[in-house]
file target_4.cif (mmCIF, C-alpha atoms)
data_input
#
loop_
_atom_site.label_atom_id
_atom_site.label_comp_id
_atom_site.auth_asym_id
_atom_site.auth_seq_id
_atom_site.Cartn_x
_atom_site.Cartn_y
_atom_site.Cartn_z
CA MET A 1 -2.55 -71.48 -155.12
CA SER A 2 -3.27 -67.78 -155.61
CA ILE A 3 -0.81 -64.95 -154.98
CA SER A 4 -3.75 -63.15 -153.32
CA THR A 5 -3.84 -64.71 -149.84
CA LYS A 6 -5.81 -61.87 -148.19
CA GLY A 7 -3.34 -62.22 -145.32
CA GLY A 8 -2.31 -58.58 -145.64
CA ASP A 9 -5.81 -57.10 -145.58
CA LYS A 10 -5.34 -55.87 -142.03
CA GLY A 11 -1.98 -54.20 -142.64
CA LYS A 12 0.34 -57.08 -141.78
CA THR A 13 2.70 -59.07 -143.96
CA SER A 14 4.88 -62.13 -143.50
CA LEU A 15 8.65 -61.94 -143.52
CA TRP A 16 10.71 -64.57 -145.32
CA SER A 17 11.53 -65.99 -141.90
CA GLY A 18 7.81 -66.37 -141.07
CA GLU A 19 7.12 -63.54 -138.62
CA ARG A 20 4.11 -61.28 -139.23
CA VAL A 21 4.85 -57.56 -139.06
CA ALA A 22 3.14 -54.31 -139.97
CA LYS A 23 3.49 -53.37 -143.62
CA ASN A 24 5.07 -50.06 -142.59
CA ASN A 25 7.69 -51.80 -140.42
CA ALA A 26 11.28 -50.59 -141.00
CA ARG A 27 12.26 -54.04 -142.27
CA VAL A 28 9.44 -54.02 -144.85
CA GLU A 29 10.39 -50.47 -145.88
CA ALA A 30 13.99 -51.60 -146.42
CA TYR A 31 13.30 -54.69 -148.51
CA GLY A 32 10.42 -52.94 -150.28
CA THR A 33 12.79 -50.21 -151.45
CA ILE A 34 15.20 -52.89 -152.69
CA ASP A 35 12.28 -54.38 -154.65
CA GLU A 36 11.52 -50.94 -156.08
CA LEU A 37 15.17 -50.58 -157.09
CA ASN A 38 15.12 -53.97 -158.79
CA SER A 39 12.03 -52.89 -160.74
CA HIS A 40 13.70 -49.66 -161.90
CA LEU A 41 16.76 -51.63 -163.00
CA GLY A 42 14.49 -54.04 -164.86
CA GLU A 43 13.04 -51.11 -166.76
CA ALA A 44 16.45 -49.52 -167.41
CA LYS A 45 17.70 -52.83 -168.80
CA HIS A 46 15.28 -52.46 -171.72
CA TYR A 47 16.65 -49.03 -172.61
CA VAL A 48 20.42 -49.46 -172.24
CA LYS A 49 22.40 -49.86 -175.43
CA VAL A 50 25.79 -50.99 -174.12
CA GLN A 51 25.78 -54.78 -173.77
CA LYS A 52 28.22 -54.74 -170.85
CA VAL A 53 25.88 -52.40 -168.95
CA LYS A 54 22.95 -54.75 -169.57
CA GLU A 55 24.96 -57.71 -168.29
CA ILE A 56 26.00 -55.83 -165.15
CA ILE A 57 22.37 -54.84 -164.48
CA GLU A 58 21.27 -58.47 -164.72
CA ARG A 59 23.99 -59.49 -162.24
CA ILE A 60 22.91 -56.72 -159.86
CA GLN A 61 19.28 -57.86 -160.09
CA HIS A 62 20.28 -61.35 -158.95
CA ASP A 63 22.31 -59.88 -156.09
CA LEU A 64 19.34 -57.75 -155.04
CA PHE A 65 17.34 -60.93 -154.38
CA ARG A 66 20.03 -61.79 -151.84
CA VAL A 67 19.84 -58.32 -150.30
CA GLY A 68 16.05 -58.37 -150.14
CA GLY A 69 15.96 -61.90 -148.74
CA SER A 70 18.40 -60.95 -146.01
CA LEU A 71 16.38 -57.88 -145.10
CA ALA A 72 13.16 -59.93 -145.05
CA THR A 73 14.66 -62.44 -142.63
CA VAL A 74 15.02 -62.16 -138.89
CA GLY A 75 18.21 -64.10 -138.27
CA VAL A 76 20.46 -65.60 -140.92
CA PHE A 77 19.39 -65.77 -144.57
CA SER A 78 21.01 -68.76 -146.31
CA LYS A 79 21.79 -66.89 -149.56
CA ALA A 80 22.97 -63.58 -148.10
CA ILE A 81 25.27 -61.07 -149.75
CA GLU A 82 28.85 -61.97 -148.87
CA LYS A 83 32.16 -60.15 -148.94
CA TYR A 84 32.96 -61.44 -152.44
CA HIS A 85 29.80 -59.72 -153.76
CA VAL A 86 30.97 -56.43 -152.25
CA ASP A 87 34.49 -56.94 -153.59
CA HIS A 88 33.14 -57.74 -157.05
CA ILE A 89 31.15 -54.55 -157.43
CA THR A 90 33.91 -52.49 -155.80
CA ASN A 91 36.33 -53.78 -158.43
CA MET A 92 33.80 -53.01 -161.17
CA VAL A 93 33.56 -49.43 -159.87
CA TYR A 94 37.35 -49.06 -160.06
CA GLU A 95 37.46 -50.61 -163.54
CA LEU A 96 34.69 -48.40 -164.91
CA GLU A 97 36.14 -45.25 -163.34
CA ARG A 98 39.33 -45.79 -165.33
CA ASP A 99 37.28 -45.61 -168.54
CA LEU A 100 35.72 -42.27 -167.60
CA GLU A 101 37.58 -39.05 -166.93
CA PHE A 102 35.65 -36.86 -164.52
CA LYS A 103 36.81 -33.28 -164.35
CA GLY A 104 33.72 -31.54 -163.07
CA PHE A 105 30.05 -31.72 -162.33
CA VAL A 106 28.01 -34.18 -164.39
CA VAL A 107 24.65 -33.13 -165.76
CA LEU A 108 22.39 -36.13 -165.14
CA GLY A 109 20.09 -37.79 -167.65
CA MET A 110 21.62 -36.83 -170.97
CA THR A 111 20.02 -39.90 -172.60
CA VAL A 112 16.83 -41.83 -171.83
CA GLN A 113 18.81 -44.84 -170.66
CA SER A 114 21.09 -42.81 -168.38
CA ALA A 115 18.05 -41.02 -166.94
CA LYS A 116 16.50 -44.40 -166.09
CA LEU A 117 19.75 -45.43 -164.40
CA ASP A 118 19.97 -42.11 -162.54
CA ILE A 119 16.52 -42.79 -161.07
CA ALA A 120 17.70 -46.26 -160.04
CA ARG A 121 20.75 -44.68 -158.38
CA ALA A 122 18.55 -42.29 -156.41
CA VAL A 123 16.36 -45.21 -155.28
CA THR A 124 19.54 -47.05 -154.26
CA ARG A 125 20.46 -44.13 -152.00
CA ARG A 126 16.98 -44.22 -150.46
CA ALA A 127 17.31 -47.98 -149.95
CA GLU A 128 20.59 -47.36 -148.16
CA ARG A 129 18.89 -44.85 -145.84
CA ARG A 130 16.08 -47.34 -145.13
CA ILE A 131 18.62 -50.08 -144.38
CA LEU A 132 20.50 -47.79 -141.99
CA SER A 133 17.23 -46.93 -140.24
CA LEU A 134 16.53 -50.64 -139.85
CA ALA A 135 20.09 -51.15 -138.54
CA ASP A 136 19.23 -48.79 -135.68
CA GLU A 137 16.81 -51.41 -134.37
CA ALA A 138 17.99 -54.74 -135.79
CA GLU A 139 21.22 -56.50 -136.67
CA ILE A 140 22.06 -55.94 -140.35
CA GLY A 141 25.16 -57.49 -141.88
CA GLU A 142 27.95 -55.11 -142.80
CA GLU A 143 28.13 -56.69 -146.25
CA ILE A 144 24.60 -55.49 -147.05
CA LYS A 145 25.42 -51.92 -146.04
CA GLU A 146 28.67 -51.98 -148.02
CA TYR A 147 27.06 -53.57 -151.07
CA VAL A 148 24.26 -51.02 -151.30
CA ASN A 149 26.68 -48.15 -150.73
CA ARG A 150 28.92 -49.35 -153.59
CA LEU A 151 25.92 -50.13 -155.75
CA SER A 152 24.90 -46.49 -156.02
CA ASP A 153 28.42 -45.68 -157.26
CA LEU A 154 28.26 -48.50 -159.79
CA ILE A 155 24.85 -47.46 -161.14
CA TYR A 156 26.07 -43.87 -161.45
CA LEU A 157 28.98 -45.09 -163.57
CA LEU A 158 26.70 -47.28 -165.72
CA ALA A 159 24.65 -44.19 -166.55
CA ARG A 160 27.78 -42.27 -167.54
CA ILE A 161 28.97 -45.18 -169.74
CA GLU A 162 25.66 -45.06 -171.59
CA GLU A 163 26.10 -41.30 -172.13
CA LYS A 164 29.70 -41.68 -173.24
CA ALA A 165 28.71 -44.36 -175.77
CA GLU A 166 26.42 -41.82 -177.45
CA GLY A 167 28.83 -38.90 -177.14
CA LYS A 168 26.53 -37.18 -174.65
CA LEU A 169 28.57 -37.29 -171.45
CA LYS A 170 28.42 -33.67 -170.36
CA LEU A 171 30.83 -32.38 -167.74
CA GLU A 172 30.56 -28.86 -166.41
CA GLU A 173 32.66 -26.85 -164.03
CA TRP A 174 30.96 -25.68 -160.85
CA ARG A 175 29.50 -22.25 -161.48
#

call {"tool": "encode", "arguments": {"input": "target_4.cif", "output": "structure tokens"}}
result
Amino acid sequence: MSISTKGGDKGKTSLWSGERVAKNNARVEAYGTIDELNSHLGEAKHYVKVQKVKEIIERIQHDLFRVGGSLATVGVFSKAIEKYHVDHITNMVYELERDLEFKGFVVLGMTVQSAKLDIARAVTRRAERRILSLADEAEIGEEIKEYVNRLSDLIYLLARIEEKAEGKLKLEEWR
């Protein structure tokens, strides 16, 4: 069986739940942006130097399959993001914040690996906007919205941990 089915040649694609929709449908935009995010995290994973950051990225990538599957399904996805996923990354955010002392504006991308993570964070924010647009026309679980919102915070902190590990975390006062 080939991955090239030719089924999308006329601008339609199949959702996980079987429906055929336009490739520029809000649902496809939402899960497509999650796929893009997962790809950026996959790239960042090869640059990061802190083992804990790499492990967290891998966990996030697995969670993003749940997010994407939910977004690609009309109705209930059997492996959806649940409250414990949201709680887990929320607790990671709190834990990582304690290790960093923010006193001002952070200059982004002070290392290659933090720059890669900063791009992933920006894509996460775009994914959140796409999910909220989809939520205007379809039922989207609150856990997905909460997870993606927290995820951008977590990725931001991962980038700062990478900078701190190399002594390149640069804080500046607002000018």

call {"tool": "residues_around", "arguments": {"input": "target_4.cif", "residues": "segment 77-94 of chain A", "least_positions_apart": "2", "cutoff": "7 Å", "atoms": "only C-alpha atoms", "output": "list in words"}}
result
Arg66, Val67, Gly69, Ser70, Thr73, Gly75, Leu96, Glu97, Arg98, Glu143, Ile144, Glu146, Tyr147, Arg150, Asp153 and Leu154 of chain A

call {"tool": "resolve_selection", "arguments": {"input": "target_4.cif", "expression": "the PyMOL selection byres ((chain A and resi 60) around 10)", "output": "list in words"}}
result
Asn38, Leu41, Lys54, Glu55, Ile56, Ile57, Glu58, Arg59, Gln61, His62, Asp63, Leu64, Phe65, Arg66, His85, Ile89, Leu151, Leu154 and Ile155 of chain A

call {"tool": "residues_around", "arguments": {"input": "target_4.cif", "residues": "Gly18 of chain A", "least_positions_apart": "2", "cutoff": "9 Å", "atoms": "only C-alpha atoms", "output": "list in words"}}
result
Ser14, Leu15, Trp16, Arg20, Thr73 and Val74 of chain A

call {"tool": "write_last_selection", "arguments": {"input": "target_4.cif", "atoms": "C-alpha atoms", "output": "PDB file, in the frame of the given file"}}
result
ATOM      1  CA  SER A  14       4.880 -62.130-143.500  1.00  0.00           C
ATOM      2  CA  LEU A  15       8.650 -61.940-143.520  1.00  0.00           C
ATOM      3  CA  TRP A  16      10.710 -64.570-145.320  1.00  0.00           C
ATOM      4  CA  ARG A  20       4.110 -61.280-139.230  1.00  0.00           C
ATOM      5  CA  THR A  73      14.660 -62.440-142.630  1.00  0.00           C
ATOM      6  CA  VAL A  74      15.020 -62.160-138.890  1.00  0.00           C
TER       7      VAL A  74
END

call {"tool": "closest_residue", "arguments": {"input": "target_4.cif", "among": "A:Lys116, A:Arg130, A:Lys23, A:Arg121", "to": "Leu157 of chain A", "atoms": "only C-alpha atoms"}}
result
A:Arg121

call {"tool": "atom_distance", "arguments": {"input": "target_4.cif", "atom1": "atom CA of Leu108 of chain A", "atom2": "atom CA of Lys168 of chain A"}}
result
10.4 Å

call {"tool": "atom_distance", "arguments": {"input": "target_4.cif", "atom1": "atom CA of Glu163 of chain A", "atom2": "atom CA of Tyr47 of chain A"}}
result
12.2 Å

call {"tool": "atom_distance", "arguments": {"input": "target_4.cif", "atom1": "atom CA of Gly109 of chain A", "atom2": "atom CA of Ile131 of chain A"}}
result
26.4 Å

call {"tool": "closest_residue", "arguments": {"input": "target_4.cif", "among": "A:Ile140, A:Ala135, A:Val123, A:Leu71", "to": "His40 of chain A", "atoms": "all atoms listed in the file"}}
result
A:Val123

call {"tool": "closest_residue", "arguments": {"input": "target_4.cif", "among": "A:Ala44, A:Val53, A:Val76, A:Ala30", "to": "Glu139 of chain A", "atoms": "only C-alpha atoms"}}
result
A:Val76

call {"tool": "axis_aligned_box", "arguments": {"input": "target_4.cif", "around": "segment 22-34 of chain A", "padding_each_side": "8 Å", "output": "AutoDock Vina command-line options"}}
result
--center_x 9.2 --center_y -52.4 --center_z -146.3 --size_x 28.1 --size_y 20.6 --size_z 28.7

call {"tool": "residues_around", "arguments": {"input": "target_4.cif", "residues": "Arg160 of chain A", "least_positions_apart": "4", "cutoff": "7 Å", "atoms": "only C-alpha atoms", "output": "PyMOL selection string"}}
result
chain A and resi 114+156+164+169

call {"tool": "closest_residue", "arguments": {"input": "target_4.cif", "among": "A:Thr111, A:Gln51, A:Thr33, A:Ser39", "to": "Val148 of chain A", "atoms": "all atoms listed in the file"}}
result
A:Thr33

call {"tool": "residues_around", "arguments": {"input": "target_4.cif", "residues": "Lys145 of chain A", "least_positions_apart": "4", "cutoff": "7 Å", "atoms": "only C-alpha atoms", "output": "ChimeraX atom specification"}}
result
/A:128,141,149

call {"tool": "closest_residue", "arguments": {"input": "target_4.cif", "among": "A:Met110, A:Ala22, A:Ile119, A:Ile34", "to": "Gly167 of chain A", "atoms": "only C-alpha atoms"}}
result
A:Met110
